[in-house]
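Working notes for the structure below.
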Amino acid sequence: MIHRMQPEPLPLEGITVVAVEQAVAAPFATRQLADLGARVVKVERIDGGDFARGYDTAAQGLASHFVWCNRGKESVALDLKDPRGLDVVRRLVADADVFVQNLAQGAAARLGLDAATLCAEHPRLIAVDISGYGPSGPYAGKRAYDMLVQCEAGLVSVTGTPEQPVKAGIPAADIAAAMYAFSGVLAALVRRGTTGRGGPVEVSMLDALAEWMGHPLHHAMHDGSAPARTGLAHAVIVPYDAYSTADGGRVLLSVQNDREWRRLAQQVLGRPETADDPRFATNAARVADRERVDALVAEALGALGTDEAVARLEAAGIACARLRDVGEVAEHPQLAARNRWREVGSPAGPLRALLPPITLPGGEEARMGSVPRLGEHTGVVLRALGMTDADVAELRRDGVVR
């Protein structure tokens, strides 16, 4: 008889998270926790909720940012300016393992929901403050949106073409802060498991993105200059760029060493004489004569269709990639082959969503719950706190909850 092993439970099963959150940084962090099994209670404003709900209507009438960052959560809509609404949050926090907030600087402290205050009241609580620039210093009270922090952290200065700096096409500062908040919570949970104590976790968007600037930052600090903006090309490796193909596609290739250059010259470019030509034989020489090298590669790939160009490069052992647009990524053959897509529920019906990148073989699959409508779980959550139907009705009547 074959005995099938039961899958291991999700690692955050039994953990309760309360989040007073908005936009991307905190919601993306808490979504990771929800995917790994935590119960996440999302506290939203009664007048429209998390303002990311209104960014666009691209996801079948729902906002794409909100759909991305908020699946698997319970939405509770409260007026925190009313003492009764704030009391609900305090009661939720009293039974929670983790609290996360990314309100405007100073707002959480005025409500008594900052990490220091809450952890003093609840020693086992892990409380996370996510801010733009941190709680002190000259920028502490400065408004911090993703693109502003990208500018302050220098990311924009190293992204783009020689003529034009550009922002990253994704909210890099928000995502960086979210992932450090997520990993900070996990680290704090491990520490609590050994000491029994929680404690504050502090993450700023600037700190997070400045860390991600490691290579250009160290280059500038120690060499005196930042790497040049080179578009899709590499500042110090040649050839390492995107080249057009005969059918309108573009293929990026990367030659990491001189052995690879020889293979590229002989097997793809059809120019074996350049393999050991001193003008091209070393990376330093190729960087010095970048335009001539790029012209050779562009001429060869420009005569090939995209499929053939990729096939020849791969046969020669040259690293390469197709330049796909976002629509093509949604149909990427590798994601399809590895069965990475699922459907999640939403007020607009089923929506496609990627499995989270963390895979735990032998364990339960990530819990990809539905995207909640505003206040969908208010009644259930309040009743679980011991309120009666009459209590809930009174709060709704007075505009304290939705």
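The chains in the structure tokens are called A, B, ... from first to last as shown; in each chain the residues are counted from 1, and the ligands are counted from 1 in the order shown.
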Polymer residues at most 8 Å from Arg91 in chain A, only C-alpha atoms, same-chain spacing of 4 or more positions, as a JSON list (two decimals) with all heavy atoms, in the first residue's frame:
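Output file selection.json follows:
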[["chain", "number", "residue", "atom", "x", "y", "z"],
["A", 87, "ASP", "N", -10.82, 52.24, 18.27],
["A", 87, "ASP", "CA", -10.91, 51.17, 19.27],
["A", 87, "ASP", "C", -10.98, 49.80, 18.61],
["A", 87, "ASP", "O", -10.42, 48.82, 19.13],
["A", 87, "ASP", "CB", -12.14, 51.39, 20.16],
["A", 87, "ASP", "CG", -12.27, 50.31, 21.22],
["A", 87, "ASP", "OD1", -11.39, 50.23, 22.10],
["A", 87, "ASP", "OD2", -13.26, 49.54, 21.16],
["A", 95, "ASP", "N", -4.96, 41.01, 19.55],
["A", 95, "ASP", "CA", -4.95, 39.57, 19.26],
["A", 95, "ASP", "C", -4.05, 39.22, 18.07],
["A", 95, "ASP", "O", -4.04, 38.07, 17.62],
["A", 95, "ASP", "CB", -6.37, 39.08, 18.97],
["A", 95, "ASP", "CG", -7.26, 39.10, 20.22],
["A", 95, "ASP", "OD1", -6.71, 38.90, 21.33],
["A", 95, "ASP", "OD2", -8.46, 39.32, 20.08],
["A", 385, "LEU", "N", -15.04, 40.02, 17.16],
["A", 385, "LEU", "CA", -14.55, 40.76, 18.31],
["A", 385, "LEU", "C", -15.57, 40.80, 19.45],
["A", 385, "LEU", "O", -15.31, 41.37, 20.50],
["A", 385, "LEU", "CB", -14.20, 42.19, 17.91],
["A", 385, "LEU", "CG", -12.97, 42.38, 17.02],
["A", 385, "LEU", "CD1", -12.82, 43.84, 16.61],
["A", 385, "LEU", "CD2", -11.70, 41.89, 17.72]]
- Item | Distance query Ala303 in chain A at most 9 Å, only C-alpha atoms, self and fewer than 5 positions along chain excluded, as a PyMOL selection string | chain A and resi 245-246+298+309
- as a VMD selection string, please: all residues of range 48-142 of chain A that backbone DSSP puts in helix (DSSP H, G or I). chain A and resid 51 to 54 64 to 69 83 to 94 107 to 111 115 to 121
Which polymer residues have any atom within 12 Å of an atom of range 334-340 of chain A, counting only C-alpha atoms, with same-chain residues fewer than 5 positions away left out, as a compact mmCIF listing (two decimals) with C-alpha atoms, in the first residue's frame?
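Done, and the output landed in result.txt:
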# COMPACT_ATOMS: atom_id res chain seq x y z
CA GLU A 328 4.15 38.62 -24.37
CA VAL A 329 5.28 38.02 -20.78
CA ARG A 352 -5.24 35.61 -13.70
CA ALA A 353 -2.40 35.91 -11.22
CA LEU A 354 1.11 34.50 -10.94
CA LEU A 355 2.05 32.13 -8.18
CA PRO A 356 4.41 33.92 -5.77
CA PRO A 357 8.11 33.29 -6.51
CA ILE A 358 8.71 31.48 -3.20
CA THR A 359 8.05 27.78 -3.81
CA GLU A 365 0.59 25.66 -2.52
CA ALA A 366 0.53 29.38 -1.78
- Message: I need the residues in range 43-77 of chain A that are strand (DSSP E or B) according to DSSP; give them as JSON, numbers by chain.
- Response: {"A": [43, 44, 45, 59, 62, 73, 74, 75, 76, 77]}
- Message: I'd like the contact shell of range 227-238 of chain A - 6 Å cut-off, only C-alpha atoms, skipping same-chain residues fewer than 4 positions apart - returned as a PyMOL selection string.
- Response: chain A and resi 158-162+286-287
- Who sits within 7 Å of Ala25 in chain A, only C-alpha atoms, same chain under 4 positions skipped, as a ChimeraX atom specification: /A:29,174-175,177-178
Within 12 Å of range 188-207 of chain A, which residues of range 52-116 of chain A come that close, and what is the closest atom pair and distance in Å for each? Count only C-alpha atoms and give it as a tab-separated table.
residue	atom	partner	partner_atom	distance
A:Ala96	CA	A:Gly198	CA	11.2
A:Asp97	CA	A:Gly198	CA	8.3
A:Val98	CA	A:Gly198	CA	8.7
A:Phe99	CA	A:Pro200	CA	9.4
A:Val100	CA	A:Val201	CA	9.1
A:Gln101	CA	A:Glu202	CA	10.3
A:Asn102	CA	A:Val203	CA	9.7
A:Gln105	CA	A:Ser204	CA	11.0
A:Leu113	CA	A:Pro200	CA	11.6
A:Asp114	CA	A:Pro200	CA	8.9
A:Ala115	CA	A:Pro200	CA	5.2
A:Ala116	CA	A:Pro200	CA	6.2
- Message: So that I can check the surroundings of Leu92 in chain A, please list as an MDAnalysis selection string every protein, DNA and RNA residue that reaches within 12 Å of it, counting only C-alpha atoms and ignoring chain neighbours fewer than 3 positions away.
- Response: chainID A and resid 16:20 39:43 76 85:89 95:99 113 118 122 125 378 381:386
Could you save those same residues with C-alpha atoms as an mmCIF file, in the first residue's frame?
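Now in part09.cif:
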data_model
loop_
_atom_site.group_PDB
_atom_site.id
_atom_site.type_symbol
_atom_site.label_atom_id
_atom_site.label_comp_id
_atom_site.auth_asym_id
_atom_site.auth_seq_id
_atom_site.Cartn_x
_atom_site.Cartn_y
_atom_site.Cartn_z
ATOM 1 C CA THR A 16 -2.615 37.081 12.200
ATOM 2 C CA VAL A 17 -1.578 40.359 10.586
ATOM 3 C CA VAL A 18 -3.394 43.684 10.942
ATOM 4 C CA ALA A 19 -2.461 46.305 8.359
ATOM 5 C CA VAL A 20 -3.403 49.973 8.153
ATOM 6 C CA ARG A 39 -4.546 35.891 8.002
ATOM 7 C CA VAL A 40 -4.287 39.535 6.924
ATOM 8 C CA VAL A 41 -6.914 42.038 8.065
ATOM 9 C CA LYS A 42 -6.628 45.135 5.891
ATOM 10 C CA VAL A 43 -7.997 48.302 7.508
ATOM 11 C CA VAL A 76 -12.462 46.174 7.082
ATOM 12 C CA GLY A 85 -13.207 53.065 14.833
ATOM 13 C CA LEU A 86 -9.792 53.427 16.427
ATOM 14 C CA ASP A 87 -10.908 51.172 19.272
ATOM 15 C CA VAL A 88 -11.716 48.446 16.724
ATOM 16 C CA VAL A 89 -8.143 48.590 15.432
ATOM 17 C CA ASP A 95 -4.949 39.567 19.258
ATOM 18 C CA ALA A 96 -2.532 39.988 16.334
ATOM 19 C CA ASP A 97 0.977 38.718 15.795
ATOM 20 C CA VAL A 98 2.004 41.431 13.337
ATOM 21 C CA PHE A 99 0.927 45.024 12.692
ATOM 22 C CA LEU A 113 -0.508 53.092 16.138
ATOM 23 C CA LEU A 118 2.138 49.260 20.151
ATOM 24 C CA HIS A 122 1.978 44.250 23.466
ATOM 25 C CA LEU A 125 3.650 41.993 18.813
ATOM 26 C CA THR A 378 -16.239 44.393 8.246
ATOM 27 C CA VAL A 381 -14.519 40.794 11.793
ATOM 28 C CA LEU A 382 -16.526 42.983 14.167
ATOM 29 C CA ARG A 383 -18.720 40.085 15.232
ATOM 30 C CA ALA A 384 -15.605 38.012 15.894
ATOM 31 C CA LEU A 385 -14.550 40.760 18.313
ATOM 32 C CA GLY A 386 -17.775 40.142 20.244
#
- Message: Measuring between only C-alpha atoms, which one of A:Gly369, A:Ala104, A:Ala59, A:Val255 shows the shortest distance to Pro135 in chain A?
- Response: A:Ala104
- For CA of Arg322 in chain A and CA of Val310 in chain A, determine how far apart the two atoms are, in Å to one decimal place. 7.8 Å
- Message: Taking 2 positions as the minimum chain separation for residues in the same chain, which residues sit within 7 Å of His377 in chain A when counting only C-alpha atoms? Answer as a PyMOL selection string.
- Response: chain A and resi 74-76+375+379-381
- Query: Which distance in Å separates CA of Ala242 in chain A and CA of Asp307 in chain A, to one decimal?
  - Reply: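 Computing it gives 14.6 Å between the two atoms.
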- Between A:Arg90, A:Tyr240, A:Lys81, A:Ser254, which one has atoms that come closest to Glu121 in chain A, using only C-alpha atoms?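 When distances to Glu121 in chain A are compared using only C-alpha atoms, the smallest one comes from A:Arg90.
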- Can you work out the spacing between CA of Met213 in chain A and CA of Thr282 in chain A in Å, to one decimal?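 Spanning CA of Met213 in chain A to CA of Thr282 in chain A is a straight-line distance of 28.3 Å.
When only C-alpha atoms are used to compute distances to Asp241 in chain A, the closest of the residues A:Val344, A:Ala108, A:Ala181, A:Leu253 turns out to be A:Leu253.
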- Message: Counting only C-alpha atoms, which residue out of A:Val24, A:Leu351, A:Ala284, A:Cys320 sits closest to Met368 in chain A?
- Response: A:Leu351
